[in-house]
Structure formats: C-alpha cells, structure tokens
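One file, final06.csv, is given below (CSV, C-alpha atoms).
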chain,number,residue,atom,x,y,z
A,1,MET,CA,1.4,-4.6,12.9
A,2,LEU,CA,-1.8,-3.0,11.9
A,3,SER,CA,-5.1,-4.7,12.0
A,4,MET,CA,-7.1,-4.8,8.8
A,5,PRO,CA,-10.3,-2.8,8.8
A,6,SER,CA,-13.5,-4.8,8.5
A,7,ILE,CA,-14.2,-6.0,5.0
A,8,GLU,CA,-17.9,-6.8,5.6
A,9,THR,CA,-18.8,-3.7,3.6
A,10,PHE,CA,-17.0,-2.1,0.7
A,11,PRO,CA,-16.8,1.6,1.3
A,12,GLU,CA,-17.5,4.0,-1.6
A,13,LEU,CA,-16.2,7.4,-2.1
A,14,LEU,CA,-17.3,9.7,-4.9
A,15,LEU,CA,-14.4,11.7,-6.3
A,16,LYS,CA,-14.3,14.6,-8.6
A,17,GLY,CA,-11.6,16.9,-10.0
A,18,ASP,CA,-8.3,16.3,-11.7
A,19,GLY,CA,-6.1,13.3,-10.9
A,20,ARG,CA,-4.2,14.9,-8.1
A,21,THR,CA,-7.4,16.2,-6.4
A,22,ARG,CA,-9.1,12.8,-6.6
A,23,GLY,CA,-5.9,11.0,-5.4
A,24,LEU,CA,-5.5,13.4,-2.4
A,25,ALA,CA,-9.1,12.8,-1.3
A,26,HIS,CA,-8.7,9.0,-1.8
A,27,GLY,CA,-5.5,8.9,0.2
A,28,GLU,CA,-6.9,10.9,3.1
A,29,HIS,CA,-10.2,9.0,3.3
A,30,PHE,CA,-8.7,5.5,3.0
A,31,ARG,CA,-5.4,6.2,4.9
A,32,GLN,CA,-5.8,3.3,7.3
A,33,ARG,CA,-6.6,0.8,4.6
A,34,ILE,CA,-3.7,2.0,2.5
A,35,GLU,CA,-1.4,1.7,5.4
A,36,CYS,CA,-2.5,-1.9,6.0
A,37,THR,CA,-2.0,-2.7,2.3
A,38,VAL,CA,1.4,-1.2,2.2
A,39,ASP,CA,2.4,-3.2,5.3
A,40,PHE,CA,1.1,-6.4,3.8
A,41,TYR,CA,2.8,-6.0,0.4
A,42,LEU,CA,6.1,-4.9,1.8
A,43,ARG,CA,6.4,-8.2,3.5
A,44,LEU,CA,5.1,-10.1,0.5
A,45,PHE,CA,7.6,-8.4,-1.9
A,46,ALA,CA,10.5,-9.5,0.3
A,47,LEU,CA,12.9,-7.3,-1.7
A,48,PRO,CA,15.6,-4.9,-0.4
A,49,GLU,CA,14.1,-1.4,-0.4
A,50,VAL,CA,16.6,-0.2,-3.1
A,51,GLN,CA,15.4,-2.9,-5.5
A,52,LEU,CA,11.7,-2.3,-4.8
A,53,LYS,CA,12.1,1.4,-5.3
A,54,GLU,CA,13.9,0.8,-8.6
A,55,GLN,CA,11.0,-1.4,-9.8
A,56,ALA,CA,8.4,1.0,-8.6
A,57,ARG,CA,10.1,3.9,-10.4
A,58,TYR,CA,10.3,1.9,-13.6
A,59,TYR,CA,6.5,1.3,-13.5
A,60,ALA,CA,5.9,4.9,-12.4
A,61,ASN,CA,7.4,5.9,-15.7
A,62,VAL,CA,5.4,3.4,-17.6
A,63,ILE,CA,2.2,4.6,-16.0
A,64,ARG,CA,3.0,8.3,-16.6
A,65,ARG,CA,3.8,7.6,-20.3
A,66,PHE,CA,0.5,5.7,-20.6
A,67,ASN,CA,-1.6,8.3,-18.9
A,68,ALA,CA,-0.2,11.3,-16.9
A,69,ASP,CA,-3.6,11.7,-15.1
A,70,TYR,CA,-3.2,8.2,-13.6
A,71,ALA,CA,0.3,9.1,-12.3
A,72,ASP,CA,-1.0,12.3,-10.8
A,73,GLU,CA,-3.8,10.4,-9.1
A,74,ILE,CA,-1.3,7.8,-7.7
A,75,GLU,CA,0.9,10.6,-6.4
A,76,GLY,CA,-2.1,12.3,-4.9
A,77,ILE,CA,-3.0,9.1,-3.1
A,78,ALA,CA,0.5,8.9,-1.7
A,79,LEU,CA,0.3,12.5,-0.5
A,80,GLY,CA,-3.1,12.1,1.1
A,81,ALA,CA,-2.2,8.9,2.9
A,82,GLY,CA,1.2,10.1,4.0
A,83,PHE,CA,3.4,7.8,1.9
A,84,GLU,CA,6.2,8.3,-0.5
A,85,PRO,CA,4.9,8.0,-4.1
A,86,TRP,CA,7.1,5.0,-4.9
A,87,LEU,CA,5.2,2.9,-2.4
A,88,ILE,CA,1.9,3.6,-4.0
A,89,TYR,CA,3.4,2.9,-7.4
A,90,ALA,CA,4.6,-0.4,-6.1
A,91,LEU,CA,1.1,-1.3,-4.9
A,92,ASN,CA,-0.3,-0.4,-8.3
A,93,SER,CA,2.4,-2.6,-10.0
A,94,ARG,CA,2.2,-5.4,-7.5
A,95,SER,CA,1.4,-8.1,-10.1
A,96,GLU,CA,4.4,-7.2,-12.2
A,97,ILE,CA,6.7,-6.8,-9.2
A,98,LEU,CA,5.6,-10.1,-7.7
A,99,ASN,CA,6.0,-11.8,-11.0
A,100,ASN,CA,9.6,-10.5,-11.2
A,101,CYS,CA,10.2,-11.9,-7.7
A,102,GLY,CA,8.9,-15.3,-8.7
A,103,VAL,CA,6.0,-15.1,-6.1
A,104,PRO,CA,2.9,-17.0,-7.3
A,105,GLU,CA,0.1,-14.6,-7.0
A,106,CYS,CA,-3.2,-16.2,-8.1
A,107,THR,CA,-4.9,-19.4,-8.9
A,108,ALA,CA,-7.3,-20.1,-11.8
A,109,ALA,CA,-9.7,-23.0,-12.2
A,110,ILE,CA,-12.1,-23.8,-15.0
A,111,ASN,CA,-15.1,-26.1,-15.3
A,112,THR,CA,-15.4,-26.7,-19.0
A,113,ARG,CA,-18.8,-28.4,-18.8
A,114,GLU,CA,-20.3,-25.3,-17.2
A,115,SER,CA,-18.1,-22.8,-19.1
A,116,LEU,CA,-17.1,-21.3,-15.7
A,117,LEU,CA,-13.7,-19.7,-15.1
A,118,CYS,CA,-12.7,-18.6,-11.7
A,119,GLN,CA,-9.6,-16.8,-10.4
A,120,ASN,CA,-8.5,-15.5,-7.0
A,121,TRP,CA,-5.5,-13.8,-5.5
A,122,ASP,CA,-3.8,-16.2,-3.1
Please render this file's structure as structure tokens.
Amino acid sequence: MLSMPSIETFPELLLKGDGRTRGLAHGEHFRQRIECTVDFYLRLFALPEVQLKEQARYYANVIRRFNADYADEIEGIALGAGFEPWLIYALNSRSEILNNCGVPECTAAINTRESLLCQNWD
C-alpha cells in the first residue's frame, strides 16, 4: 500500500494549453498523489472491476457530452499519471458511483441560530 503524501501544504500547479496538454502536465506532476487516490477509492468502491469500468464509461460519456475539453483533460491526466482513463473517470465520478453502491459519503450539520452549514467527506 502506498503512503499518502504530506497534506500540510496544498501544492499548486499553473497549467496552460488545451485540455489534453493541461491534463498531461497535471498527471505527470501529481502522479504519486493520483496513485494514492486511485488505491484508496478502488478499495472504497468495492465493486468488481467490470462493474466499475461500466459505470466509469457511462460517466465518461456524460462528461464528454457536457464538455469535450473536460474529457480531454481527464484523459490527459490518466496518460500523464500512467493510468487507464476509466480509472480517472471513476475518480471524477466518485460521488455518483458511491451513491450507486449505497456507500454514505458525507455528513452535513447545520446551526440554525448562527446560520452555519458544514459538510465533510467521511
């Protein structure tokens, strides 16, 4: 199992170019973080690979129809990080996929006196 990189700081990366170019640079630069995230979510999804691929491909089509540049960037990230594109589509669709699996994903709390709403990912 991979260890998660330190999250004491949030790294920034300035990206330019078309979707594929931005994605490729993103994937190369953050390869280790992406690898840790893929490892974490593959365990959390707890689906047979064929089912996960099917759902990821469904959402890939939804994303491409919505904005082809987004899909190109996701596929660039996959290429740059050394993953098959369906895995990165699965990460980008994690809320929808987890909802389909019945996995509770987040908690929300409200303080009505202070008009404060908070939410986290469990």
Near Ile88 of chain A, within 8 Å and counting all atoms listed in the file, which residues show up once chain neighbours fewer than 2 positions away are dropped, as a short mmCIF file (atom, residue, chain, number, x, y, z; two decimals) with C-alpha atoms, in the frame of the given file?
data_model
loop_
_atom_site.label_atom_id
_atom_site.label_comp_id
_atom_site.auth_asym_id
_atom_site.auth_seq_id
_atom_site.Cartn_x
_atom_site.Cartn_y
_atom_site.Cartn_z
CA VAL A 38 1.40 -1.20 2.20
CA ILE A 74 -1.30 7.80 -7.70
CA GLU A 75 0.90 10.60 -6.40
CA ILE A 77 -3.00 9.10 -3.10
CA ALA A 78 0.50 8.90 -1.70
CA PHE A 83 3.40 7.80 1.90
CA GLU A 84 6.20 8.30 -0.50
CA PRO A 85 4.90 8.00 -4.10
CA TRP A 86 7.10 5.00 -4.90
CA ALA A 90 4.60 -0.40 -6.10
CA LEU A 91 1.10 -1.30 -4.90
CA ASN A 92 -0.30 -0.40 -8.30
#
- Message: Please list as a ChimeraX atom specification every residue within 12 Å of Gly23 of chain A, counting only C-alpha atoms and excluding residues in the same chain fewer than 2 positions away.
- Response: /A:13-21,25-31,69-82,85,88
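Atom pair atom CA of Tyr59 of chain A / atom CA of Ser95 of chain A has a distance of 11.2 Å (rounded to one decimal).
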Please determine an axis-aligned box that encloses all atoms of segment 107-117 of chain A listed in the file, with 5 Å added on each side, and express its centre and edge lengths in Å to one decimal as lines of an AutoDock Vina configuration file.
center_x = -12.6
center_y = -23.9
center_z = -14.0
size_x = 25.4
size_y = 19.0
size_z = 20.2
- Query: So what do you get for atom CA of Leu24 of chain A versus atom CA of Asn100 of chain A, distance-wise?
  - Reply: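 These atoms are spaced 29.6 Å apart.
Separating atom CA of Pro11 of chain A from atom CA of Asp39 of chain A is a distance of 20.2 Å.
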- If we count only C-alpha atoms, what is near Phe45 of chain A at a cut-off of 12 Å, once residues fewer than 3 positions away on the same chain are taken out, given as a PyMOL selection string? chain A and resi 37-42+48-49+51-53+55-56+87+90-91+93-105
- Of the residues A:Tyr89, A:Cys118, A:Glu12, A:Ile34, which is the one nearest to Tyr58 of chain A, using all atoms listed in the file?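 Smallest distance to Tyr58 of chain A is found for A:Tyr89.
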